[in-house]
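Colleague: I'm passing along query_3.cif; it holds mmCIF, C-alpha atoms (C1' of nucleotides).
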```cif
data_protein
#
loop_
_atom_site.group_PDB
_atom_site.id
_atom_site.type_symbol
_atom_site.label_atom_id
_atom_site.label_comp_id
_atom_site.auth_asym_id
_atom_site.auth_seq_id
_atom_site.Cartn_x
_atom_site.Cartn_y
_atom_site.Cartn_z
ATOM 1 C CA MET S 243 -104.741 18.990 -53.581
ATOM 2 C CA PRO S 244 -102.547 20.433 -50.940
ATOM 3 C CA ARG S 245 -99.904 22.779 -52.144
ATOM 4 C CA SER S 246 -97.397 20.871 -50.105
ATOM 5 C CA LEU S 247 -97.681 17.976 -52.495
ATOM 6 C CA ARG S 248 -96.518 19.827 -55.518
ATOM 7 C CA SER S 249 -92.789 19.789 -54.989
ATOM 8 C CA SER S 250 -90.688 17.593 -57.203
ATOM 9 C CA ARG S 251 -89.583 15.668 -54.138
ATOM 10 C CA HIS S 252 -93.144 14.764 -53.314
ATOM 11 C CA GLN S 253 -93.646 13.625 -56.859
ATOM 12 C CA ARG S 254 -90.468 11.609 -56.819
ATOM 13 C CA LEU S 255 -91.390 10.040 -53.515
ATOM 14 C CA ALA S 256 -94.629 8.795 -55.012
ATOM 15 C CA GLU S 257 -92.844 7.418 -58.050
ATOM 16 C CA LEU S 258 -90.279 5.638 -55.937
ATOM 17 C CA ILE S 259 -92.897 3.952 -53.832
ATOM 18 C CA VAL S 260 -94.648 2.708 -56.940
ATOM 19 C CA ALA S 261 -91.362 1.415 -58.271
ATOM 20 C CA PHE S 262 -90.530 -0.424 -55.075
ATOM 21 C CA ARG S 263 -93.960 -2.001 -54.953
ATOM 22 C CA MET S 264 -93.759 -3.096 -58.576
ATOM 23 C CA GLU S 265 -90.361 -4.612 -58.030
ATOM 24 C CA ALA S 266 -91.756 -6.534 -55.100
ATOM 25 C CA GLY S 267 -94.536 -7.814 -57.320
ATOM 26 C CA LEU S 268 -97.258 -6.595 -55.041
ATOM 27 C CA LYS S 269 -100.680 -5.122 -55.689
ATOM 28 C CA GLN S 270 -101.907 -2.012 -53.949
ATOM 29 C CA SER S 271 -104.523 -4.107 -52.232
ATOM 30 C CA GLU S 272 -101.882 -6.487 -50.883
ATOM 31 C CA VAL S 273 -99.809 -3.685 -49.475
ATOM 32 C CA ALA S 274 -102.949 -2.154 -48.037
ATOM 33 C CA GLU S 275 -103.868 -5.384 -46.367
ATOM 34 C CA ARG S 276 -100.442 -5.720 -44.775
ATOM 35 C CA LEU S 277 -100.849 -2.215 -43.450
ATOM 36 C CA GLY S 278 -104.337 -2.789 -42.225
ATOM 37 C CA ARG S 279 -105.645 -0.102 -44.513
ATOM 38 C CA HIS S 280 -107.681 0.197 -47.657
ATOM 39 C CA GLN S 281 -106.476 0.126 -51.199
ATOM 40 C CA PRO S 282 -107.331 3.777 -51.893
ATOM 41 C CA PHE S 283 -104.942 4.657 -49.106
ATOM 42 C CA VAL S 284 -102.094 3.212 -51.120
ATOM 43 C CA SER S 285 -103.467 4.622 -54.322
ATOM 44 C CA ASP S 286 -103.569 8.121 -52.859
ATOM 45 C CA ILE S 287 -99.997 7.864 -51.702
ATOM 46 C CA GLU S 288 -98.775 6.561 -55.034
ATOM 47 C CA SER S 289 -100.572 9.246 -56.942
ATOM 48 C CA GLY S 290 -99.113 11.909 -54.704
ATOM 49 C CA GLN S 291 -102.461 12.992 -53.368
ATOM 50 C CA ARG S 292 -101.658 12.188 -49.796
ATOM 51 C CA ARG S 293 -98.659 12.950 -47.680
ATOM 52 C CA VAL S 294 -96.597 10.231 -46.126
ATOM 53 C CA ASP S 295 -95.855 10.426 -42.479
ATOM 54 C CA LEU S 296 -92.345 9.251 -41.619
ATOM 55 C CA ILE S 297 -93.621 6.467 -39.406
ATOM 56 C CA GLU S 298 -96.059 5.414 -42.085
ATOM 57 C CA LEU S 299 -93.172 5.261 -44.487
ATOM 58 C CA LEU S 300 -91.365 2.814 -42.239
ATOM 59 C CA ASP S 301 -94.458 0.617 -42.175
ATOM 60 C CA LEU S 302 -94.801 0.933 -45.906
ATOM 61 C CA ALA S 303 -91.172 -0.012 -46.406
ATOM 62 C CA GLU S 304 -91.628 -3.067 -44.263
ATOM 63 C CA ALA S 305 -94.833 -4.065 -46.028
ATOM 64 C CA ILE S 306 -93.250 -3.742 -49.436
ATOM 65 C CA GLY S 307 -89.785 -4.795 -48.479
ATOM 66 C CA PHE S 308 -87.381 -1.995 -49.162
ATOM 67 C CA ASP S 309 -84.934 0.011 -47.116
ATOM 68 C CA PRO S 310 -86.397 3.425 -46.331
ATOM 69 C CA ARG S 311 -82.886 4.850 -46.250
ATOM 70 C CA ASP S 312 -82.450 4.073 -49.917
ATOM 71 C CA LEU S 313 -85.546 6.097 -50.576
ATOM 72 C CA VAL S 314 -84.199 8.965 -48.496
ATOM 73 C CA THR S 315 -80.938 8.848 -50.405
ATOM 74 C CA ALA S 316 -82.778 9.060 -53.685
ATOM 75 C CA LEU S 317 -84.857 11.968 -52.445
ATOM 76 C CA LEU S 318 -81.817 13.857 -51.252
ATOM 77 C CA GLU S 319 -80.534 13.683 -54.785
ATOM 78 C CA THR S 320 -83.753 15.162 -56.075
ATOM 79 C CA PRO S 321 -83.815 18.943 -56.357
ATOM 80 C CA LYS S 322 -86.177 20.619 -53.949
ATOM 81 C CA ASP S 323 -88.216 22.202 -56.695
ATOM 82 C CA MET P 100 -104.522 13.858 -29.633
ATOM 83 C CA PRO P 101 -104.655 11.729 -32.698
ATOM 84 C CA ARG P 102 -104.064 8.083 -32.039
ATOM 85 C CA SER P 103 -101.561 7.989 -34.851
ATOM 86 C CA LEU P 104 -99.215 9.962 -32.668
ATOM 87 C CA ARG P 105 -99.215 7.534 -29.826
ATOM 88 C CA SER P 106 -96.845 4.888 -31.041
ATOM 89 C CA SER P 107 -93.472 4.678 -29.417
ATOM 90 C CA ARG P 108 -91.876 5.420 -32.755
ATOM 91 C CA HIS P 109 -93.714 8.697 -33.016
ATOM 92 C CA GLN P 110 -92.582 9.566 -29.555
ATOM 93 C CA ARG P 111 -89.022 8.615 -30.298
ATOM 94 C CA LEU P 112 -89.055 10.602 -33.508
ATOM 95 C CA ALA P 113 -90.014 13.699 -31.566
ATOM 96 C CA GLU P 114 -87.295 13.092 -28.998
ATOM 97 C CA LEU P 115 -84.687 12.576 -31.654
ATOM 98 C CA ILE P 116 -85.534 15.806 -33.389
ATOM 99 C CA VAL P 117 -85.233 17.688 -30.133
ATOM 100 C CA ALA P 118 -81.883 16.035 -29.482
ATOM 101 C CA PHE P 119 -80.553 16.933 -32.929
ATOM 102 C CA ARG P 120 -81.679 20.513 -32.560
ATOM 103 C CA MET P 121 -80.105 20.830 -29.135
ATOM 104 C CA GLU P 122 -76.865 19.392 -30.376
ATOM 105 C CA ALA P 123 -76.879 21.933 -33.137
ATOM 106 C CA GLY P 124 -77.376 24.674 -30.586
ATOM 107 C CA LEU P 125 -80.462 26.023 -32.283
ATOM 108 C CA LYS P 126 -83.657 27.487 -30.918
ATOM 109 C CA GLN P 127 -87.068 26.429 -32.162
ATOM 110 C CA SER P 128 -87.556 29.883 -33.559
ATOM 111 C CA GLU P 129 -84.325 29.656 -35.534
ATOM 112 C CA VAL P 130 -85.277 26.355 -37.054
ATOM 113 C CA ALA P 131 -88.725 27.726 -37.775
ATOM 114 C CA GLU P 132 -87.253 30.703 -39.523
ATOM 115 C CA ARG P 133 -85.065 28.525 -41.710
ATOM 116 C CA LEU P 134 -88.132 26.553 -42.640
ATOM 117 C CA GLY P 135 -90.230 29.600 -43.293
ATOM 118 C CA ARG P 136 -92.637 28.594 -40.565
ATOM 119 C CA HIS P 137 -93.604 29.698 -37.104
ATOM 120 C CA GLN P 138 -92.129 28.559 -33.835
ATOM 121 C CA PRO P 139 -95.236 26.659 -32.714
ATOM 122 C CA PHE P 140 -94.837 24.540 -35.812
ATOM 123 C CA VAL P 141 -91.529 23.258 -34.482
ATOM 124 C CA SER P 142 -92.880 23.042 -30.978
ATOM 125 C CA ASP P 143 -95.769 20.874 -32.106
ATOM 126 C CA ILE P 144 -93.436 18.533 -33.917
ATOM 127 C CA GLU P 145 -91.098 18.248 -30.969
ATOM 128 C CA SER P 146 -93.910 17.569 -28.552
ATOM 129 C CA GLY P 147 -95.286 14.893 -30.828
ATOM 130 C CA GLN P 148 -98.505 16.739 -31.468
ATOM 131 C CA ARG P 149 -98.001 16.987 -35.154
ATOM 132 C CA ARG P 150 -96.933 14.424 -37.695
ATOM 133 C CA VAL P 151 -93.869 14.830 -39.813
ATOM 134 C CA ASP P 152 -94.140 14.388 -43.512
ATOM 135 C CA LEU P 153 -91.130 12.689 -45.072
ATOM 136 C CA ILE P 154 -90.338 15.691 -47.224
ATOM 137 C CA GLU P 155 -90.714 17.974 -44.238
ATOM 138 C CA LEU P 156 -88.251 15.789 -42.421
ATOM 139 C CA LEU P 157 -85.675 16.326 -45.131
ATOM 140 C CA ASP P 158 -86.142 20.072 -44.808
ATOM 141 C CA LEU P 159 -85.941 19.829 -41.065
ATOM 142 C CA ALA P 160 -82.765 17.784 -41.292
ATOM 143 C CA GLU P 161 -81.231 20.363 -43.553
ATOM 144 C CA ALA P 162 -82.302 23.242 -41.326
ATOM 145 C CA ILE P 163 -80.913 21.598 -38.236
ATOM 146 C CA GLY P 164 -78.003 19.861 -39.850
ATOM 147 C CA PHE P 165 -78.351 16.140 -39.399
ATOM 148 C CA ASP P 166 -78.555 13.145 -41.674
ATOM 149 C CA PRO P 167 -82.152 11.976 -41.920
ATOM 150 C CA ARG P 168 -80.890 8.449 -42.507
ATOM 151 C CA ASP P 169 -79.418 8.374 -39.028
ATOM 152 C CA LEU P 170 -82.812 9.223 -37.696
ATOM 153 C CA VAL P 171 -84.409 6.461 -39.744
ATOM 154 C CA THR P 172 -81.843 4.005 -38.456
ATOM 155 C CA ALA P 173 -82.630 4.956 -34.897
ATOM 156 C CA LEU P 174 -86.346 4.600 -35.533
ATOM 157 C CA LEU P 175 -85.939 1.194 -37.093
ATOM 158 C CA GLU P 176 -84.334 0.093 -33.860
ATOM 159 C CA THR P 177 -87.313 1.356 -31.913
ATOM 160 C CA PRO P 178 -90.064 -1.198 -31.335
ATOM 161 C CA LYS P 179 -93.264 -0.420 -33.158
ATOM 162 C CA ASP P 180 -95.281 -0.181 -30.008
ATOM 163 C "C1'" DA U 171 -112.692 -6.399 -81.438
ATOM 164 C "C1'" DG U 172 -115.189 -7.573 -77.261
ATOM 165 C "C1'" DC U 173 -115.636 -9.601 -72.873
ATOM 166 C "C1'" DA U 174 -114.364 -10.724 -67.995
ATOM 167 C "C1'" DG U 175 -111.736 -10.379 -64.255
ATOM 168 C "C1'" DA U 176 -108.216 -7.884 -62.074
ATOM 169 C "C1'" DT U 177 -106.255 -3.688 -60.668
ATOM 170 C "C1'" DT U 178 -106.167 1.061 -59.792
ATOM 171 C "C1'" DA U 179 -108.417 5.662 -59.486
ATOM 172 C "C1'" DT U 180 -112.152 8.818 -58.122
ATOM 173 C "C1'" DC U 181 -116.047 10.635 -55.398
ATOM 174 C "C1'" DC U 182 -118.321 11.781 -51.069
ATOM 175 C "C1'" DG U 183 -118.837 13.493 -46.459
ATOM 176 C "C1'" DA U 184 -117.748 13.271 -41.651
ATOM 177 C "C1'" DA U 185 -113.987 13.420 -38.721
ATOM 178 C "C1'" DA U 186 -109.370 14.595 -37.845
ATOM 179 C "C1'" DT U 187 -105.561 17.559 -38.450
ATOM 180 C "C1'" DC U 188 -103.079 21.651 -39.611
ATOM 181 C "C1'" DC U 189 -101.717 26.307 -38.924
ATOM 182 C "C1'" DA U 190 -101.041 31.316 -37.909
ATOM 183 C "C1'" DG U 191 -101.461 34.445 -34.498
ATOM 184 C "C1'" DA U 192 -102.121 35.557 -29.836
ATOM 185 C "C1'" DT U 193 -101.202 34.394 -25.305
ATOM 186 C "C1'" DA U 194 -99.474 31.794 -21.529
ATOM 187 C "C1'" DT U 195 -95.981 29.271 -19.060
ATOM 188 C "C1'" DC U 196 -91.583 27.994 -18.033
ATOM 189 C "C1'" DT U 197 -86.393 29.020 -16.982
ATOM 190 C "C1'" DA U 198 -82.527 31.498 -15.845
ATOM 191 C "C1'" DT U 199 -80.313 35.675 -14.624
ATOM 192 C "C1'" DT U 200 -79.789 39.748 -11.948
ATOM 193 C "C1'" DA E 3 -89.328 39.361 -7.787
ATOM 194 C "C1'" DA E 4 -88.872 41.401 -12.144
ATOM 195 C "C1'" DT E 5 -87.242 40.935 -16.766
ATOM 196 C "C1'" DA E 6 -86.005 38.610 -20.850
ATOM 197 C "C1'" DG E 7 -85.653 34.577 -23.568
ATOM 198 C "C1'" DA E 8 -87.442 30.242 -24.933
ATOM 199 C "C1'" DT E 9 -91.040 26.989 -25.384
ATOM 200 C "C1'" DA E 10 -95.851 25.527 -24.872
ATOM 201 C "C1'" DT E 11 -100.836 26.102 -25.270
ATOM 202 C "C1'" DC E 12 -105.188 27.878 -27.115
ATOM 203 C "C1'" DT E 13 -108.567 29.336 -30.675
ATOM 204 C "C1'" DG E 14 -110.962 28.817 -34.705
ATOM 205 C "C1'" DG E 15 -111.195 28.570 -39.632
ATOM 206 C "C1'" DA E 16 -109.114 26.136 -43.577
ATOM 207 C "C1'" DT E 17 -107.293 21.957 -45.206
ATOM 208 C "C1'" DT E 18 -106.579 17.064 -45.151
ATOM 209 C "C1'" DT E 19 -107.590 12.363 -44.123
ATOM 210 C "C1'" DC E 20 -109.926 8.071 -44.822
ATOM 211 C "C1'" DG E 21 -113.509 4.489 -45.201
ATOM 212 C "C1'" DG E 22 -116.923 2.904 -48.148
ATOM 213 C "C1'" DA E 23 -118.832 2.786 -52.523
ATOM 214 C "C1'" DT E 24 -118.267 3.249 -57.157
ATOM 215 C "C1'" DA E 25 -116.069 4.142 -61.398
ATOM 216 C "C1'" DA E 26 -112.586 3.893 -64.561
ATOM 217 C "C1'" DT E 27 -108.696 1.552 -66.609
ATOM 218 C "C1'" DC E 28 -105.857 -2.207 -67.714
ATOM 219 C "C1'" DT E 29 -104.806 -7.213 -69.284
ATOM 220 C "C1'" DG E 30 -105.220 -11.345 -71.208
ATOM 221 C "C1'" DC E 31 -108.210 -14.383 -73.616
ATOM 222 C "C1'" DT E 32 -111.096 -16.087 -77.418
#
```
Could you rewrite the structure in this file as structure tokens?
Modeller:
Amino acid sequence: MPRSLRSSRHQRLAELIVAFRMEAGLKQSEVAERLGRHQPFVSDIESGQRRVDLIELLDLAEAIGFDPRDLVTALLETPKD
Amino acid sequence: MPRSLRSSRHQRLAELIVAFRMEAGLKQSEVAERLGRHQPFVSDIESGQRRVDLIELLDLAEAIGFDPRDLVTALLETPKD
DNA sequence: AGCAGATTATCCGAAATCCAGATATCTATT
DNA sequence: AATAGATATCTGGATTTCGGATAATCTGCT
């Protein structure tokens, strides 16, 4: 586990992605398929074990169907640590 | 060079960060210092040789002084490839 | 409760990436 | 052309990524 994934923002990011996916009524495997990746890829992101590249986030947002800017707004409201 | 860094969005992201930094009148080394990192770290990001984690982007935006949502908006207008 | 199917999490290892520190190259000024 | 300031490249060891397989967990049903 990379130390960079321990901040509260990283944690919150993971939680938010889960929430957006749930709201969209999608399974990890469905999101993965839309991304052309495997289910553990999504699982790792949602459990905060893998970092999310900004470009990947845009793809993720499109696959799930949320506005990445809303996520950014929420993160900006989250204390850094 | 990782193939994940070859999309036009990755390229554009790098360009945008450079543009924001320039506009702010900051040197790579100044940004690096604010981030607690070394200058090559910023250089690698700006030359598109390193990916940018979403959380890192927020830090970068704060260090440079731009709204990360503006960057996202610009990227969303950039074709995927 | 127990089972079955569905969903998500973990493990493994090879490949890719990250990163500091040192060094090199570029750019502008004199 | 020499210096100084800024950015880019290189090196190599540590960390991270990711597919594939498997395991664990969850859910609804009887």
Colleague: Do a neighbour search on segment 176-186 of chain U at 10 Å with all atoms listed in the file, toss out local chain neighbours closer than 4 positions, and write the hits as a list in words.
Modeller: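 Once the adjacent positions are removed, what remains is Lys269, Gln270, Ser271, Gln281, Pro282, Val284, Ser285, Asp286 and Ser289 of chain S; Met100 and Pro101 of chain P; DT18, DT19, DC20, DG22, DA23, DT24, DA25, DA26, DT27, DC28 and DT29 of chain E.
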Colleague: Counting all atoms listed in the file, which residues have an atom no more than 7 Å from (-95.5, 12.4, -43.0) in the file's coordinates? Please list them as a PyMOL selection string.
Modeller: (chain S and resi 293-296) or (chain P and resi 150-153)
Colleague: I'd like the contact shell of DG14 of chain E - 12 Å cut-off, all atoms listed in the file, skipping same-chain residues fewer than 2 positions apart - returned as an MDAnalysis selection string.
Modeller: (chainID U and resid 188:191) or (chainID E and resid 12 16)
Colleague: List, as a list in words, every residue that the PyMOL selection byres ((chain U and resi 196) around 9) selects in the file provided.
Modeller: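 Applying the PyMOL selection byres ((chain U and resi 196) around 9) to the structure shown produces DT195 and DT197 of chain U; DA8, DT9 and DA10 of chain E.
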Colleague: Where does the PyMOL selection byres ((chain E and resi 31) around 10) land in this file, that is, which residues does it pick, as a PyMOL selection string?
Modeller: (chain U and resi 173-174) or (chain E and resi 29-30+32)
Colleague: Taking the file as I've supplied it (selection: the PyMOL selection byres ((chain P and resi 155) around 12)), which residues are included? Please answer as a ChimeraX atom specification.
Modeller: /S:246-247,249,251-252,293-296,314,317,322 /P:131,134-136,140-141,144,149-154,156-162,167
Colleague: Around all of segment 246-261 of chain S's listed atoms, make the axis-aligned box with 8 Å on each side and tell me centre and edge lengths in Å to one decimal, as lines of an AutoDock Vina configuration file.
Modeller:
```
center_x = -93.6
center_y = 11.1
center_z = -54.2
size_x = 24.1
size_y = 35.5
size_z = 24.2
```
Colleague: Determine, counting all atoms listed in the file, which protein, DNA and RNA residues have an atom within 9 Å of an atom of Arg254 of chain S; residues of the same chain fewer than 4 positions away are not included. Present the result as JSON, numbers by chain.
Modeller: {"S": [249, 250, 258, 259, 290, 316, 317, 320]}
Colleague: Mind pulling up the distance from atom C1' of DT13 of chain E to atom CA of Val117 of chain P?
Modeller: 26.1 Å
Colleague: Between atom CA of Val130 of chain P and atom CA of Glu145 of chain P, what distance in Å does the model show, to one decimal?
Modeller: 11.7 Å
Colleague: Can you measure atom C1' of DA3 of chain E to atom C1' of DT200 of chain U for me? One decimal in Å is fine.
Modeller: 10.4 Å
Colleague: Out of S:Gln291, S:Gln253, S:Arg276, S:Leu313, which residue has the shortest atom-to-atom distance to chain U when counting all atoms listed in the file?
Modeller: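 Nearest candidate to chain U out of S:Gln291, S:Gln253, S:Arg276, S:Leu313: S:Gln291.
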Colleague: Looking at S:Glu272, S:Ala261, S:Leu255, S:His280, which one is nearest to chain P, with distances taken over all atoms listed in the file?
Modeller: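 Comparing S:Glu272, S:Ala261, S:Leu255, S:His280 against chain P, the winner is S:Leu255.
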